[in-house]
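This report refers to the structure that appears directly beneath it.
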Amino acid sequence: MNLHFEKEFKILLSKEQFITLLKQFPQAVFKKQVNTYYDTADMYIRQHIGAMRIREFDNRFIFTLKQRCADKEGVNEHECFVSENTPAVFESEQVQTLMKSFKITQPIIEIASLTTYRAAVPLDYAELCLDYNEYNGICDYELEYEYLQEHDGLTVFNKILSLVNLKYESNCMSKIQRAMINRENG
């Protein structure tokens with residue numbers, strides 16, 4: 001199981017803002033990824049840890065358990081490649097060991113699914129991701145700035161956002177939060 005710290009800024013965009021920014025990065029190529037989110041019936045993971053998903057992309061599957069960090073901005077991501085996106089993944093030794101370490105003992109169920117068409121653009125110290133997301137009959141547009149190494153990313157991100165007359169104030173809701181709210185309200 002790999003562990004890394006994820007720090008990112010993210011903001012929702014209008015379709016017009018998304019298209020304008022996309023034109024600034026002609027090298028961007030979209031790739032499809034399907035995120036399937038899992039939890040226990042009583043939402044133990046969501047309430048006590050963070051989020052759990054399996055992401056499918058390029059005919060590969062990666063399991064991720066995101067753990068909120070109380071003392072710093074960002075999340076710890078526990079990840080490993082798995083062979084499929086089925087409940088059998090949660091029975092594998094590697095995943096079982098991780099789940100037990102977080103006291104996840106109840107059966108796991110699928111709680112949401114979201115498809116992202118992502119155009120990732122490498123920058124000097126970060127990766128910029130232009131995401132078009134579909135879930136529960138809804139589509140939205142998101143811009144993520146994910147740190148690859150520590151730097152003044154806020155200044156860089158705001159410079160990019162200035163191209164569409166926006167300024168970063170706080171992260172928008174995560175993909176799983178948006179999918180869950182719209183699913184619960186749908």
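Residues are referred to by chain and number: the chain letter is A, B, ... according to the order shown in the structure tokens, the number counts from 1 in that chain, and ligands are numbered separately from 1 in the order shown.
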How close does each residue of region 97-124 of chain A get to region 37-58 of chain A, giving the shortest atom pair and distance in Å to one decimal for every residue with an atom at most 8 Å away, counting only C-alpha atoms, sorted by chain and residue number, as a Markdown table?
```
| residue | atom | partner | partner_atom | distance |
| --- | --- | --- | --- | --- |
| A:Phe102 | CA | A:Ile49 | CA | 7.8 |
| A:Ile104 | CA | A:Ile45 | CA | 7.5 |
| A:Gln106 | CA | A:Thr40 | CA | 6.1 |
| A:Pro107 | CA | A:Thr40 | CA | 5.9 |
| A:Ile108 | CA | A:Thr40 | CA | 4.8 |
| A:Ile109 | CA | A:Tyr38 | CA | 5.5 |
| A:Glu110 | CA | A:Tyr38 | CA | 4.4 |
| A:Ile111 | CA | A:Tyr38 | CA | 5.3 |
| A:Ala112 | CA | A:Tyr37 | CA | 5.1 |
| A:Ser113 | CA | A:Tyr37 | CA | 6.0 |
```
Output N, CA and C atoms of each residue in that selection to a file, as a PDB file, in the first residue's frame.
```pdb
ATOM      1  N   PHE A 102      -8.009   1.107  10.399  1.00  0.00           N
ATOM      2  CA  PHE A 102      -8.936   2.231  10.589  1.00  0.00           C
ATOM      3  C   PHE A 102     -10.251   1.795  11.229  1.00  0.00           C
ATOM      4  N   ILE A 104     -12.456  -0.308  10.240  1.00  0.00           N
ATOM      5  CA  ILE A 104     -13.548  -0.491   9.286  1.00  0.00           C
ATOM      6  C   ILE A 104     -13.846  -1.989   9.269  1.00  0.00           C
ATOM      7  N   GLN A 106     -17.398  -3.225   9.174  1.00  0.00           N
ATOM      8  CA  GLN A 106     -18.721  -3.505   8.617  1.00  0.00           C
ATOM      9  C   GLN A 106     -18.616  -3.791   7.114  1.00  0.00           C
ATOM     10  N   PRO A 107     -19.625  -4.417   6.543  1.00  0.00           N
ATOM     11  CA  PRO A 107     -19.621  -4.644   5.093  1.00  0.00           C
ATOM     12  C   PRO A 107     -19.562  -3.316   4.325  1.00  0.00           C
ATOM     13  N   ILE A 108     -18.912  -3.365   3.182  1.00  0.00           N
ATOM     14  CA  ILE A 108     -18.734  -2.183   2.333  1.00  0.00           C
ATOM     15  C   ILE A 108     -19.779  -2.204   1.219  1.00  0.00           C
ATOM     16  N   ILE A 109     -20.382  -1.022   0.964  1.00  0.00           N
ATOM     17  CA  ILE A 109     -21.370  -0.904  -0.109  1.00  0.00           C
ATOM     18  C   ILE A 109     -20.991   0.262  -1.017  1.00  0.00           C
ATOM     19  N   GLU A 110     -21.447   0.206  -2.246  1.00  0.00           N
ATOM     20  CA  GLU A 110     -21.256   1.324  -3.174  1.00  0.00           C
ATOM     21  C   GLU A 110     -22.226   2.432  -2.789  1.00  0.00           C
ATOM     22  N   ILE A 111     -21.711   3.675  -2.711  1.00  0.00           N
ATOM     23  CA  ILE A 111     -22.581   4.788  -2.320  1.00  0.00           C
ATOM     24  C   ILE A 111     -22.739   5.846  -3.413  1.00  0.00           C
ATOM     25  N   ALA A 112     -21.816   5.888  -4.381  1.00  0.00           N
ATOM     26  CA  ALA A 112     -21.920   6.889  -5.448  1.00  0.00           C
ATOM     27  C   ALA A 112     -20.937   6.536  -6.558  1.00  0.00           C
ATOM     28  N   SER A 113     -21.228   7.083  -7.721  1.00  0.00           N
ATOM     29  CA  SER A 113     -20.327   6.921  -8.861  1.00  0.00           C
ATOM     30  C   SER A 113     -20.283   8.239  -9.619  1.00  0.00           C
TER      31      SER A 113
END
```
Spatial neighbours of region 159-170 of chain A, max dist 10 Å, only C-alpha atoms, sep filter under 2 positions, as JSON, numbers by chain: {"A": [9, 10, 11, 13, 14, 16, 17, 18, 19, 20, 21, 24, 128, 143, 145, 153, 154, 155, 156, 157, 172, 173]}
Any chance you could export the current selection's N, CA and C atoms as a tab-separated table (two decimals), in the first residue's frame?
```tsv
chain	number	residue	atom	x	y	z
A	9	PHE	N	-5.74	22.79	-4.47
A	9	PHE	CA	-6.76	23.82	-4.52
A	9	PHE	C	-7.73	23.37	-5.61
A	10	LYS	N	-9.03	23.60	-5.39
A	10	LYS	CA	-9.99	23.26	-6.43
A	10	LYS	C	-11.17	24.20	-6.37
A	11	ILE	N	-11.70	24.46	-7.55
A	11	ILE	CA	-12.78	25.43	-7.68
A	11	ILE	C	-13.70	24.99	-8.82
A	13	LEU	N	-16.13	25.79	-11.96
A	13	LEU	CA	-16.14	26.78	-13.03
A	13	LEU	C	-17.45	26.71	-13.80
A	14	SER	N	-17.78	27.77	-14.49
A	14	SER	CA	-18.88	27.71	-15.45
A	14	SER	C	-18.35	27.04	-16.71
A	16	GLU	N	-18.35	28.23	-19.66
A	16	GLU	CA	-17.61	29.23	-20.42
A	16	GLU	C	-16.20	29.43	-19.84
A	17	GLN	N	-16.09	29.50	-18.53
A	17	GLN	CA	-14.78	29.65	-17.88
A	17	GLN	C	-13.90	28.43	-18.18
A	18	PHE	N	-14.50	27.26	-18.14
A	18	PHE	CA	-13.79	26.02	-18.42
A	18	PHE	C	-13.22	26.04	-19.84
A	19	ILE	N	-14.03	26.40	-20.80
A	19	ILE	CA	-13.60	26.45	-22.20
A	19	ILE	C	-12.50	27.49	-22.39
A	20	THR	N	-12.64	28.64	-21.76
A	20	THR	CA	-11.62	29.69	-21.84
A	20	THR	C	-10.28	29.19	-21.31
A	21	LEU	N	-10.29	28.55	-20.15
A	21	LEU	CA	-9.05	28.03	-19.58
A	21	LEU	C	-8.47	26.90	-20.42
A	24	GLN	N	-6.18	27.93	-23.06
A	24	GLN	CA	-4.85	28.36	-22.62
A	24	GLN	C	-3.85	27.20	-22.56
A	128	LEU	N	-2.08	20.73	-13.06
A	128	LEU	CA	-3.35	21.42	-13.22
A	128	LEU	C	-4.30	20.47	-13.92
A	143	LEU	N	-11.68	22.94	-11.73
A	143	LEU	CA	-10.25	23.14	-11.94
A	143	LEU	C	-9.54	22.77	-10.65
A	145	TYR	N	-5.69	22.20	-8.76
A	145	TYR	CA	-4.26	22.51	-8.77
A	145	TYR	C	-3.64	21.64	-7.69
A	153	GLY	N	1.88	27.92	-4.31
A	153	GLY	CA	0.89	27.50	-5.28
A	153	GLY	C	-0.31	28.42	-5.36
A	154	LEU	N	-0.64	29.06	-4.25
A	154	LEU	CA	-1.80	29.95	-4.25
A	154	LEU	C	-1.62	31.08	-5.25
A	155	THR	N	-0.43	31.66	-5.29
A	155	THR	CA	-0.16	32.74	-6.24
A	155	THR	C	-0.29	32.24	-7.67
A	156	VAL	N	0.26	31.07	-7.94
A	156	VAL	CA	0.19	30.49	-9.29
A	156	VAL	C	-1.26	30.19	-9.66
A	157	PHE	N	-1.99	29.58	-8.74
A	157	PHE	CA	-3.38	29.23	-9.01
A	157	PHE	C	-4.22	30.48	-9.26
A	172	CYS	N	-13.88	23.99	-3.32
A	172	CYS	CA	-15.27	23.61	-3.52
A	172	CYS	C	-15.47	22.23	-2.87
A	173	MET	N	-16.70	21.80	-2.79
A	173	MET	CA	-16.98	20.47	-2.26
A	173	MET	C	-16.26	19.43	-3.12
```
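Ranking A:Arg178, A:Tyr117, A:His151, A:Glu6 by their shortest atom-to-atom distance to Asn76 (chain A), with only C-alpha atoms included, puts A:Glu6 first.
Each of A:Asn171, A:Asn158, A:Thr36, A:Asn2 was checked against Glu77 (chain A) using only C-alpha atoms; the smallest atom-to-atom distance is that of A:Asn2.
The residue that comes closest to Ala120 (chain A), out of A:Ile181, A:Glu146, A:Val82, A:Lys66 and on the basis of only C-alpha atoms, is A:Glu146.
Each of A:Leu148, A:Leu3, A:Leu114, A:Ala179 was checked against Phe63 (chain A) using only C-alpha atoms; the smallest atom-to-atom distance is that of A:Leu3.
Nearest residue to Asn59 (chain A), choosing from A:Tyr147, A:Phe81, A:Phe90, A:Tyr141 and counting only C-alpha atoms: A:Phe81.
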Those in region 45-181 of chain A with alpha helix (DSSP H) from DSSP, as a JSON list (two decimals) with C-alpha atoms, in the first residue's frame:
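Dumped everything to states-v7.json:
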```json
[["chain", "number", "residue", "atom", "x", "y", "z"],
["A", 45, "ILE", "CA", -15.74, 6.11, 6.57],
["A", 46, "ARG", "CA", -17.33, 9.42, 5.60],
["A", 47, "GLN", "CA", -17.92, 10.39, 9.25],
["A", 48, "HIS", "CA", -14.63, 9.23, 10.80],
["A", 93, "GLU", "CA", -5.12, -8.98, 2.27],
["A", 94, "GLN", "CA", -3.65, -5.56, 1.55],
["A", 95, "VAL", "CA", -7.01, -3.76, 1.64],
["A", 96, "GLN", "CA", -8.22, -5.77, 4.66],
["A", 97, "THR", "CA", -5.08, -4.82, 6.63],
["A", 98, "LEU", "CA", -5.64, -1.14, 5.89],
["A", 99, "MET", "CA", -9.34, -1.27, 6.70],
["A", 100, "LYS", "CA", -8.67, -3.02, 10.02],
["A", 101, "SER", "CA", -6.12, -0.34, 10.94],
["A", 153, "GLY", "CA", 0.89, 27.50, -5.28],
["A", 154, "LEU", "CA", -1.80, 29.95, -4.25],
["A", 155, "THR", "CA", -0.16, 32.74, -6.24],
["A", 156, "VAL", "CA", 0.19, 30.49, -9.29],
["A", 157, "PHE", "CA", -3.38, 29.23, -9.01],
["A", 158, "ASN", "CA", -4.79, 32.76, -8.67],
["A", 159, "LYS", "CA", -2.79, 33.84, -11.73],
["A", 160, "ILE", "CA", -4.47, 31.06, -13.72],
["A", 161, "LEU", "CA", -7.88, 31.94, -12.29],
["A", 175, "LYS", "CA", -16.49, 15.10, -6.03],
["A", 176, "ILE", "CA", -17.86, 12.53, -3.59],
["A", 177, "GLN", "CA", -19.64, 15.24, -1.58],
["A", 178, "ARG", "CA", -21.27, 16.64, -4.71],
["A", 179, "ALA", "CA", -22.31, 13.19, -5.92],
["A", 180, "MET", "CA", -23.69, 12.28, -2.48],
["A", 181, "ILE", "CA", -25.64, 15.51, -1.96]]
```
